[in-house]
Amino acid sequence: MLEDILRNKWKEVGLGLLNLVAVVLVIALFQPVLRKHMGSAGAAVLAVLCLATYIVAARLIERRIPTELAANRALPEGAAGIAIGIVLFAVVMAVLLAAGVYHPAGWGTTSGLANGLFFAVLAGIMEEILFRGLLFRLSSKIVGTWGALIFTAGLFGLAHTLNPGATIGSSVAIALEAGVLLGAAYAATQRLWVPIGLHAGWNFAEGSLFGMTLSGNNMGVGLLRGSLSGPRILTGGEFGPEASIVAVLVCLAAALFFLWRMVKLHRAEPAMWSKAAAQAS
């Protein structure tokens, strides 16, 4: 009986990996073409293609309804995630202001706000489908929720090592703040909408509202003008405030709330071997 349980679990993971392959192929095949012929508008098309591929593959290959993308929860949970992401980054900047590291310089421009939010949501959709909808969900079936949290957080940090201004410290910071927080939000809600919103809200606040460098990328002038100066551990250096110890601590504090909710609601999945052993006994 134990062997049957493990066999079914591996089959479930294998079918999920086919979904992952399908999404990755869509990105690899369409991203260069869309970027070349459609420019920035291609990002919207690519996000829709990724979302559609994920849903169709879940139904046809995995033979399941993707409840992590329940349509009736998209607006309330996505909006809540965006609000939380904005608030978290604003808290980071408030702490940096109090520490004398952030120096406001007045108002910037409102011209990029709509586009900034739009592209932040698109990036959130694609990255959360890959890292939480696929990698986290599938790895948790093998190593459990806690193991998946460590695994995908490390991968998320690793994925940012090629960004401009990236260092070992910035990758560790991304893993701890974003990887852990977004994974915890997914585990607590068992849906992708809050992580997508969190991801989008944080990026929108960092680039479009505060005009800060976003993961090493210069986002131009935001709604507010300002600059950072001081020790790298506080400013994040060329990578931006995401690599700041302040951002790490603020996001870990938020992650603790989601982890507490996950445990309280009994949503932590055990590792494959312990779950199988319990079912077989």
# chains A, B, ... in the order shown; residues from 1 in each chain; ligands from 1

call {"tool": "closest_atom_pairs", "arguments": {"of": "region 200-244 of chain A", "to": "region 144-161 of chain A", "cutoff": "12 Å", "atoms": "only C-alpha atoms", "output": "tab-separated table"}}
result
residue	atom	partner	partner_atom	distance
A:Leu214	CA	A:His160	CA	11.2
A:Ser215	CA	A:His160	CA	7.6
A:Gly216	CA	A:His160	CA	9.3
A:Asn217	CA	A:His160	CA	11.4
A:Phe239	CA	A:His160	CA	10.1
A:Glu242	CA	A:His160	CA	11.3
A:Ala243	CA	A:Gly157	CA	10.9

call {"tool": "select_by_dssp", "arguments": {"residues": "region 25-227 of chain A", "states": "strand (DSSP E)", "output": "PyMOL selection string"}}
result
chain A and resi 102-107+224-227

call {"tool": "write_last_selection", "arguments": {"atoms": "N, CA and C atoms", "output": "mmCIF file, in the first residue's frame"}}
result
data_model
loop_
_atom_site.group_PDB
_atom_site.id
_atom_site.type_symbol
_atom_site.label_atom_id
_atom_site.label_comp_id
_atom_site.auth_asym_id
_atom_site.auth_seq_id
_atom_site.Cartn_x
_atom_site.Cartn_y
_atom_site.Cartn_z
ATOM 1 N N TYR A 102 16.994 57.585 3.397
ATOM 2 C CA TYR A 102 16.148 58.018 2.294
ATOM 3 C C TYR A 102 15.954 59.526 2.374
ATOM 4 N N HIS A 103 16.183 60.188 1.222
ATOM 5 C CA HIS A 103 16.111 61.650 1.171
ATOM 6 C C HIS A 103 15.060 62.067 0.133
ATOM 7 N N PRO A 104 13.829 62.359 0.553
ATOM 8 C CA PRO A 104 12.785 62.791 -0.381
ATOM 9 C C PRO A 104 13.172 64.110 -1.056
ATOM 10 N N ALA A 105 12.736 64.268 -2.314
ATOM 11 C CA ALA A 105 13.056 65.487 -3.057
ATOM 12 C C ALA A 105 11.835 66.041 -3.765
ATOM 13 N N GLY A 106 10.651 65.807 -3.209
ATOM 14 C CA GLY A 106 9.446 66.380 -3.798
ATOM 15 C C GLY A 106 8.713 65.420 -4.711
ATOM 16 N N TRP A 107 7.740 65.994 -5.419
ATOM 17 C CA TRP A 107 6.902 65.184 -6.312
ATOM 18 C C TRP A 107 7.597 64.920 -7.633
ATOM 19 N N LEU A 224 7.085 59.995 -6.549
ATOM 20 C CA LEU A 224 7.916 60.751 -5.621
ATOM 21 C C LEU A 224 9.359 60.737 -6.094
ATOM 22 N N ARG A 225 10.032 61.836 -5.889
ATOM 23 C CA ARG A 225 11.466 61.893 -6.159
ATOM 24 C C ARG A 225 12.216 61.682 -4.844
ATOM 25 N N GLY A 226 13.374 61.055 -4.951
ATOM 26 C CA GLY A 226 14.172 60.846 -3.756
ATOM 27 C C GLY A 226 15.406 60.032 -4.068
ATOM 28 N N SER A 227 16.288 59.951 -3.094
ATOM 29 C CA SER A 227 17.528 59.206 -3.278
ATOM 30 C C SER A 227 17.899 58.511 -1.973
#

call {"tool": "atom_distance", "arguments": {"atom1": "CA of Leu234 (chain A)", "atom2": "CA of Arg132 (chain A)"}}
result
28.4 Å

call {"tool": "residues_around", "arguments": {"residues": "Tyr54 (chain A)", "least_positions_apart": "2", "cutoff": "9 Å", "atoms": "only C-alpha atoms", "output": "list in words"}}
result
Asn19, Leu20, Ala22, Val23, Leu49, Cys50, Leu51, Ala52, Val56, Ala57, Ala58, Arg59, Pro66, Ile129, Gly133 and Leu134 of chain A

call {"tool": "write_last_selection", "arguments": {"atoms": "C-alpha atoms", "output": "PDB file, in the first residue's frame"}}
result
ATOM      1  CA  ASN A  19       2.529  21.609 -17.080  1.00  0.00           C
ATOM      2  CA  LEU A  20       5.770  23.343 -16.055  1.00  0.00           C
ATOM      3  CA  ALA A  22       4.425  23.649 -21.283  1.00  0.00           C
ATOM      4  CA  VAL A  23       4.576  27.064 -19.573  1.00  0.00           C
ATOM      5  CA  LEU A  49      -0.574  32.976 -22.841  1.00  0.00           C
ATOM      6  CA  CYS A  50       1.167  31.744 -19.674  1.00  0.00           C
ATOM      7  CA  LEU A  51      -2.040  31.932 -17.667  1.00  0.00           C
ATOM      8  CA  ALA A  52      -4.056  30.150 -20.361  1.00  0.00           C
ATOM      9  CA  VAL A  56      -5.442  24.293 -19.915  1.00  0.00           C
ATOM     10  CA  ALA A  57      -2.531  22.043 -18.927  1.00  0.00           C
ATOM     11  CA  ALA A  58      -3.963  21.678 -15.408  1.00  0.00           C
ATOM     12  CA  ARG A  59      -7.268  20.481 -16.890  1.00  0.00           C
ATOM     13  CA  PRO A  66      -6.845  24.656 -10.798  1.00  0.00           C
ATOM     14  CA  ILE A 129       2.695  30.902 -11.962  1.00  0.00           C
ATOM     15  CA  GLY A 133       1.833  27.742  -8.947  1.00  0.00           C
ATOM     16  CA  LEU A 134       4.247  25.173 -10.336  1.00  0.00           C
TER      17      LEU A 134
END

call {"tool": "closest_residue", "arguments": {"among": "A:Val48, A:Ile245, A:Ala184, A:Met212", "to": "Phe258 (chain A)", "atoms": "only C-alpha atoms"}}
result
A:Ala184

call {"tool": "atom_distance", "arguments": {"atom1": "CA of Ile55 (chain A)", "atom2": "CA of Val263 (chain A)"}}
result
27.8 Å

call {"tool": "atom_distance", "arguments": {"atom1": "CA of Glu68 (chain A)", "atom2": "CA of Val121 (chain A)"}}
result
16.9 Å

call {"tool": "closest_atom_pairs", "arguments": {"of": "region 236-270 of chain A", "to": "region 84-98 of chain A", "cutoff": "10 Å", "atoms": "only C-alpha atoms", "output": "CSV"}}
result
residue,atom,partner,partner_atom,distance
A:Pro241,CA,A:Val92,CA,8.2
A:Glu242,CA,A:Phe89,CA,9.0
A:Ser244,CA,A:Val92,CA,8.9
A:Ile245,CA,A:Val92,CA,9.6
A:Val246,CA,A:Val92,CA,6.1
A:Ala247,CA,A:Val92,CA,5.7
A:Val248,CA,A:Val92,CA,9.2
A:Leu249,CA,A:Val92,CA,9.1
A:Val250,CA,A:Val92,CA,6.8
A:Cys251,CA,A:Leu88,CA,7.1
A:Ala253,CA,A:Leu88,CA,10.0
A:Ala254,CA,A:Leu88,CA,8.2

call {"tool": "write_last_selection", "arguments": {"atoms": "N, CA and C atoms", "output": "mmCIF file, in the first residue's frame"}}
result
data_model
loop_
_atom_site.group_PDB
_atom_site.id
_atom_site.type_symbol
_atom_site.label_atom_id
_atom_site.label_comp_id
_atom_site.auth_asym_id
_atom_site.auth_seq_id
_atom_site.Cartn_x
_atom_site.Cartn_y
_atom_site.Cartn_z
ATOM 1 N N PRO A 241 16.711 49.129 -2.880
ATOM 2 C CA PRO A 241 16.342 48.859 -1.489
ATOM 3 C C PRO A 241 15.848 47.443 -1.215
ATOM 4 N N GLU A 242 15.560 46.674 -2.259
ATOM 5 C CA GLU A 242 15.201 45.272 -2.047
ATOM 6 C C GLU A 242 16.344 44.497 -1.380
ATOM 7 N N SER A 244 18.230 45.698 0.897
ATOM 8 C CA SER A 244 18.448 46.285 2.216
ATOM 9 C C SER A 244 18.023 45.315 3.316
ATOM 10 N N ILE A 245 18.723 45.340 4.424
ATOM 11 C CA ILE A 245 18.350 44.525 5.576
ATOM 12 C C ILE A 245 16.980 44.937 6.100
ATOM 13 N N VAL A 246 16.609 46.189 5.899
ATOM 14 C CA VAL A 246 15.295 46.667 6.326
ATOM 15 C C VAL A 246 14.193 45.945 5.558
ATOM 16 N N ALA A 247 14.354 45.817 4.242
ATOM 17 C CA ALA A 247 13.361 45.117 3.423
ATOM 18 C C ALA A 247 13.252 43.658 3.845
ATOM 19 N N VAL A 248 14.378 43.042 4.129
ATOM 20 C CA VAL A 248 14.382 41.639 4.557
ATOM 21 C C VAL A 248 13.583 41.469 5.845
ATOM 22 N N LEU A 249 13.836 42.329 6.824
ATOM 23 C CA LEU A 249 13.166 42.202 8.122
ATOM 24 C C LEU A 249 11.677 42.506 8.032
ATOM 25 N N VAL A 250 11.318 43.516 7.252
ATOM 26 C CA VAL A 250 9.903 43.869 7.101
ATOM 27 C C VAL A 250 9.135 42.731 6.440
ATOM 28 N N CYS A 251 9.702 42.165 5.374
ATOM 29 C CA CYS A 251 9.020 41.084 4.648
ATOM 30 C C CYS A 251 8.977 39.794 5.461
ATOM 31 N N ALA A 253 8.769 39.650 8.668
ATOM 32 C CA ALA A 253 7.721 39.863 9.668
ATOM 33 C C ALA A 253 6.344 39.571 9.063
ATOM 34 N N ALA A 254 6.122 40.025 7.828
ATOM 35 C CA ALA A 254 4.855 39.747 7.149
ATOM 36 C C ALA A 254 4.721 38.257 6.853
#

call {"tool": "select_by_dssp", "arguments": {"residues": "region 161-191 of chain A", "states": "helix (DSSP H, G or I)", "output": "PyMOL selection string"}}
result
chain A and resi 168-189

call {"tool": "decode", "arguments": {"residues": "region 228-272 of chain A", "atoms": "N, CA and C atoms", "output": "PDB file, in the first residue's frame"}}
result
ATOM      1  N   LEU A 228      18.795  57.550  -2.095  1.00  0.00           N
ATOM      2  CA  LEU A 228      19.294  56.820  -0.940  1.00  0.00           C
ATOM      3  C   LEU A 228      20.786  57.067  -0.793  1.00  0.00           C
ATOM      4  N   SER A 229      21.238  57.234   0.430  1.00  0.00           N
ATOM      5  CA  SER A 229      22.674  57.348   0.687  1.00  0.00           C
ATOM      6  C   SER A 229      22.957  56.782   2.073  1.00  0.00           C
ATOM      7  N   GLY A 230      24.086  56.092   2.179  1.00  0.00           N
ATOM      8  CA  GLY A 230      24.427  55.489   3.451  1.00  0.00           C
ATOM      9  C   GLY A 230      25.060  54.136   3.233  1.00  0.00           C
ATOM     10  N   PRO A 231      25.183  53.340   4.279  1.00  0.00           N
ATOM     11  CA  PRO A 231      25.809  52.022   4.155  1.00  0.00           C
ATOM     12  C   PRO A 231      25.004  51.096   3.260  1.00  0.00           C
ATOM     13  N   ARG A 232      25.703  50.250   2.522  1.00  0.00           N
ATOM     14  CA  ARG A 232      25.067  49.362   1.558  1.00  0.00           C
ATOM     15  C   ARG A 232      24.026  48.443   2.201  1.00  0.00           C
ATOM     16  N   ILE A 233      24.276  48.047   3.437  1.00  0.00           N
ATOM     17  CA  ILE A 233      23.354  47.135   4.106  1.00  0.00           C
ATOM     18  C   ILE A 233      21.976  47.778   4.305  1.00  0.00           C
ATOM     19  N   LEU A 234      21.932  49.111   4.295  1.00  0.00           N
ATOM     20  CA  LEU A 234      20.668  49.832   4.417  1.00  0.00           C
ATOM     21  C   LEU A 234      20.118  50.272   3.069  1.00  0.00           C
ATOM     22  N   THR A 235      20.978  50.709   2.160  1.00  0.00           N
ATOM     23  CA  THR A 235      20.512  51.213   0.869  1.00  0.00           C
ATOM     24  C   THR A 235      20.265  50.105  -0.147  1.00  0.00           C
ATOM     25  N   GLY A 236      20.979  48.983   0.007  1.00  0.00           N
ATOM     26  CA  GLY A 236      20.887  47.925  -0.987  1.00  0.00           C
ATOM     27  C   GLY A 236      21.836  48.107  -2.149  1.00  0.00           C
ATOM     28  N   GLY A 237      22.584  49.219  -2.148  1.00  0.00           N
ATOM     29  CA  GLY A 237      23.561  49.456  -3.208  1.00  0.00           C
ATOM     30  C   GLY A 237      22.904  49.627  -4.569  1.00  0.00           C
ATOM     31  N   GLU A 238      23.591  49.193  -5.620  1.00  0.00           N
ATOM     32  CA  GLU A 238      23.091  49.353  -6.988  1.00  0.00           C
ATOM     33  C   GLU A 238      21.852  48.520  -7.258  1.00  0.00           C
ATOM     34  N   PHE A 239      21.637  47.480  -6.476  1.00  0.00           N
ATOM     35  CA  PHE A 239      20.477  46.609  -6.691  1.00  0.00           C
ATOM     36  C   PHE A 239      19.185  47.284  -6.262  1.00  0.00           C
ATOM     37  N   GLY A 240      19.287  48.247  -5.343  1.00  0.00           N
ATOM     38  CA  GLY A 240      18.102  48.942  -4.854  1.00  0.00           C
ATOM     39  C   GLY A 240      17.713  48.493  -3.460  1.00  0.00           C
ATOM     40  N   PRO A 241      16.711  49.129  -2.880  1.00  0.00           N
ATOM     41  CA  PRO A 241      16.342  48.859  -1.489  1.00  0.00           C
ATOM     42  C   PRO A 241      15.848  47.443  -1.215  1.00  0.00           C
ATOM     43  N   GLU A 242      15.560  46.674  -2.259  1.00  0.00           N
ATOM     44  CA  GLU A 242      15.201  45.272  -2.047  1.00  0.00           C
ATOM     45  C   GLU A 242      16.344  44.497  -1.380  1.00  0.00           C
ATOM     46  N   ALA A 243      17.574  44.945  -1.591  1.00  0.00           N
ATOM     47  CA  ALA A 243      18.728  44.273  -1.001  1.00  0.00           C
ATOM     48  C   ALA A 243      19.069  44.819   0.374  1.00  0.00           C
ATOM     49  N   SER A 244      18.230  45.698   0.897  1.00  0.00           N
ATOM     50  CA  SER A 244      18.448  46.285   2.216  1.00  0.00           C
ATOM     51  C   SER A 244      18.023  45.315   3.316  1.00  0.00           C
ATOM     52  N   ILE A 245      18.723  45.340   4.424  1.00  0.00           N
ATOM     53  CA  ILE A 245      18.350  44.525   5.576  1.00  0.00           C
ATOM     54  C   ILE A 245      16.980  44.937   6.100  1.00  0.00           C
ATOM     55  N   VAL A 246      16.609  46.189   5.899  1.00  0.00           N
ATOM     56  CA  VAL A 246      15.295  46.667   6.326  1.00  0.00           C
ATOM     57  C   VAL A 246      14.193  45.945   5.558  1.00  0.00           C
ATOM     58  N   ALA A 247      14.354  45.817   4.242  1.00  0.00           N
ATOM     59  CA  ALA A 247      13.361  45.117   3.423  1.00  0.00           C
ATOM     60  C   ALA A 247      13.252  43.658   3.845  1.00  0.00           C
ATOM     61  N   VAL A 248      14.378  43.042   4.129  1.00  0.00           N
ATOM     62  CA  VAL A 248      14.382  41.639   4.557  1.00  0.00           C
ATOM     63  C   VAL A 248      13.583  41.469   5.845  1.00  0.00           C
ATOM     64  N   LEU A 249      13.836  42.329   6.824  1.00  0.00           N
ATOM     65  CA  LEU A 249      13.166  42.202   8.122  1.00  0.00           C
ATOM     66  C   LEU A 249      11.677  42.506   8.032  1.00  0.00           C
ATOM     67  N   VAL A 250      11.318  43.516   7.252  1.00  0.00           N
ATOM     68  CA  VAL A 250       9.903  43.869   7.101  1.00  0.00           C
ATOM     69  C   VAL A 250       9.135  42.731   6.440  1.00  0.00           C
ATOM     70  N   CYS A 251       9.702  42.165   5.374  1.00  0.00           N
ATOM     71  CA  CYS A 251       9.020  41.084   4.648  1.00  0.00           C
ATOM     72  C   CYS A 251       8.977  39.794   5.461  1.00  0.00           C
ATOM     73  N   LEU A 252      10.029  39.511   6.216  1.00  0.00           N
ATOM     74  CA  LEU A 252      10.012  38.318   7.057  1.00  0.00           C
ATOM     75  C   LEU A 252       8.959  38.442   8.145  1.00  0.00           C
ATOM     76  N   ALA A 253       8.769  39.650   8.668  1.00  0.00           N
ATOM     77  CA  ALA A 253       7.721  39.863   9.668  1.00  0.00           C
ATOM     78  C   ALA A 253       6.344  39.571   9.063  1.00  0.00           C
ATOM     79  N   ALA A 254       6.122  40.025   7.828  1.00  0.00           N
ATOM     80  CA  ALA A 254       4.855  39.747   7.149  1.00  0.00           C
ATOM     81  C   ALA A 254       4.721  38.257   6.853  1.00  0.00           C
ATOM     82  N   ALA A 255       5.837  37.625   6.474  1.00  0.00           N
ATOM     83  CA  ALA A 255       5.815  36.189   6.185  1.00  0.00           C
ATOM     84  C   ALA A 255       5.425  35.383   7.416  1.00  0.00           C
ATOM     85  N   LEU A 256       5.866  35.823   8.587  1.00  0.00           N
ATOM     86  CA  LEU A 256       5.520  35.129   9.827  1.00  0.00           C
ATOM     87  C   LEU A 256       4.008  35.095  10.043  1.00  0.00           C
ATOM     88  N   PHE A 257       3.333  36.172   9.663  1.00  0.00           N
ATOM     89  CA  PHE A 257       1.878  36.198   9.788  1.00  0.00           C
ATOM     90  C   PHE A 257       1.248  35.125   8.894  1.00  0.00           C
ATOM     91  N   PHE A 258       1.689  35.058   7.636  1.00  0.00           N
ATOM     92  CA  PHE A 258       1.127  34.065   6.724  1.00  0.00           C
ATOM     93  C   PHE A 258       1.470  32.644   7.169  1.00  0.00           C
ATOM     94  N   LEU A 259       2.664  32.444   7.688  1.00  0.00           N
ATOM     95  CA  LEU A 259       3.041  31.116   8.172  1.00  0.00           C
ATOM     96  C   LEU A 259       2.199  30.731   9.385  1.00  0.00           C
ATOM     97  N   TRP A 260       1.921  31.697  10.239  1.00  0.00           N
ATOM     98  CA  TRP A 260       1.046  31.445  11.389  1.00  0.00           C
ATOM     99  C   TRP A 260      -0.340  31.048  10.912  1.00  0.00           C
ATOM    100  N   ARG A 261      -0.858  31.741   9.904  1.00  0.00           N
ATOM    101  CA  ARG A 261      -2.162  31.398   9.341  1.00  0.00           C
ATOM    102  C   ARG A 261      -2.141  30.000   8.725  1.00  0.00           C
ATOM    103  N   MET A 262      -1.069  29.679   8.035  1.00  0.00           N
ATOM    104  CA  MET A 262      -0.937  28.373   7.412  1.00  0.00           C
ATOM    105  C   MET A 262      -1.008  27.256   8.450  1.00  0.00           C
ATOM    106  N   VAL A 263      -0.272  27.428   9.541  1.00  0.00           N
ATOM    107  CA  VAL A 263      -0.255  26.422  10.604  1.00  0.00           C
ATOM    108  C   VAL A 263      -1.615  26.355  11.294  1.00  0.00           C
ATOM    109  N   LYS A 264      -2.201  27.511  11.579  1.00  0.00           N
ATOM    110  CA  LYS A 264      -3.492  27.561  12.259  1.00  0.00           C
ATOM    111  C   LYS A 264      -4.576  26.870  11.450  1.00  0.00           C
ATOM    112  N   LEU A 265      -4.530  27.028  10.131  1.00  0.00           N
ATOM    113  CA  LEU A 265      -5.540  26.437   9.257  1.00  0.00           C
ATOM    114  C   LEU A 265      -5.175  25.022   8.813  1.00  0.00           C
ATOM    115  N   HIS A 266      -4.063  24.499   9.334  1.00  0.00           N
ATOM    116  CA  HIS A 266      -3.606  23.132   9.017  1.00  0.00           C
ATOM    117  C   HIS A 266      -3.391  22.947   7.513  1.00  0.00           C
ATOM    118  N   ARG A 267      -2.730  23.913   6.908  1.00  0.00           N
ATOM    119  CA  ARG A 267      -2.501  23.868   5.465  1.00  0.00           C
ATOM    120  C   ARG A 267      -1.065  23.518   5.088  1.00  0.00           C
ATOM    121  N   ALA A 268      -0.274  23.125   6.079  1.00  0.00           N
ATOM    122  CA  ALA A 268       1.096  22.701   5.791  1.00  0.00           C
ATOM    123  C   ALA A 268       1.082  21.248   5.346  1.00  0.00           C
ATOM    124  N   GLU A 269       1.494  21.001   4.115  1.00  0.00           N
ATOM    125  CA  GLU A 269       1.500  19.646   3.565  1.00  0.00           C
ATOM    126  C   GLU A 269       2.745  18.905   4.036  1.00  0.00           C
ATOM    127  N   PRO A 270       2.601  17.674   4.522  1.00  0.00           N
ATOM    128  CA  PRO A 270       3.783  16.917   4.963  1.00  0.00           C
ATOM    129  C   PRO A 270       4.587  16.416   3.777  1.00  0.00           C
ATOM    130  N   ALA A 271       5.816  16.032   4.035  1.00  0.00           N
ATOM    131  CA  ALA A 271       6.652  15.457   2.982  1.00  0.00           C
ATOM    132  C   ALA A 271       6.038  14.149   2.490  1.00  0.00           C
ATOM    133  N   MET A 272       6.344  13.805   1.249  1.00  0.00           N
ATOM    134  CA  MET A 272       5.745  12.646   0.625  1.00  0.00           C
ATOM    135  C   MET A 272       5.896  11.377   1.457  1.00  0.00           C
TER     136      MET A 272
END
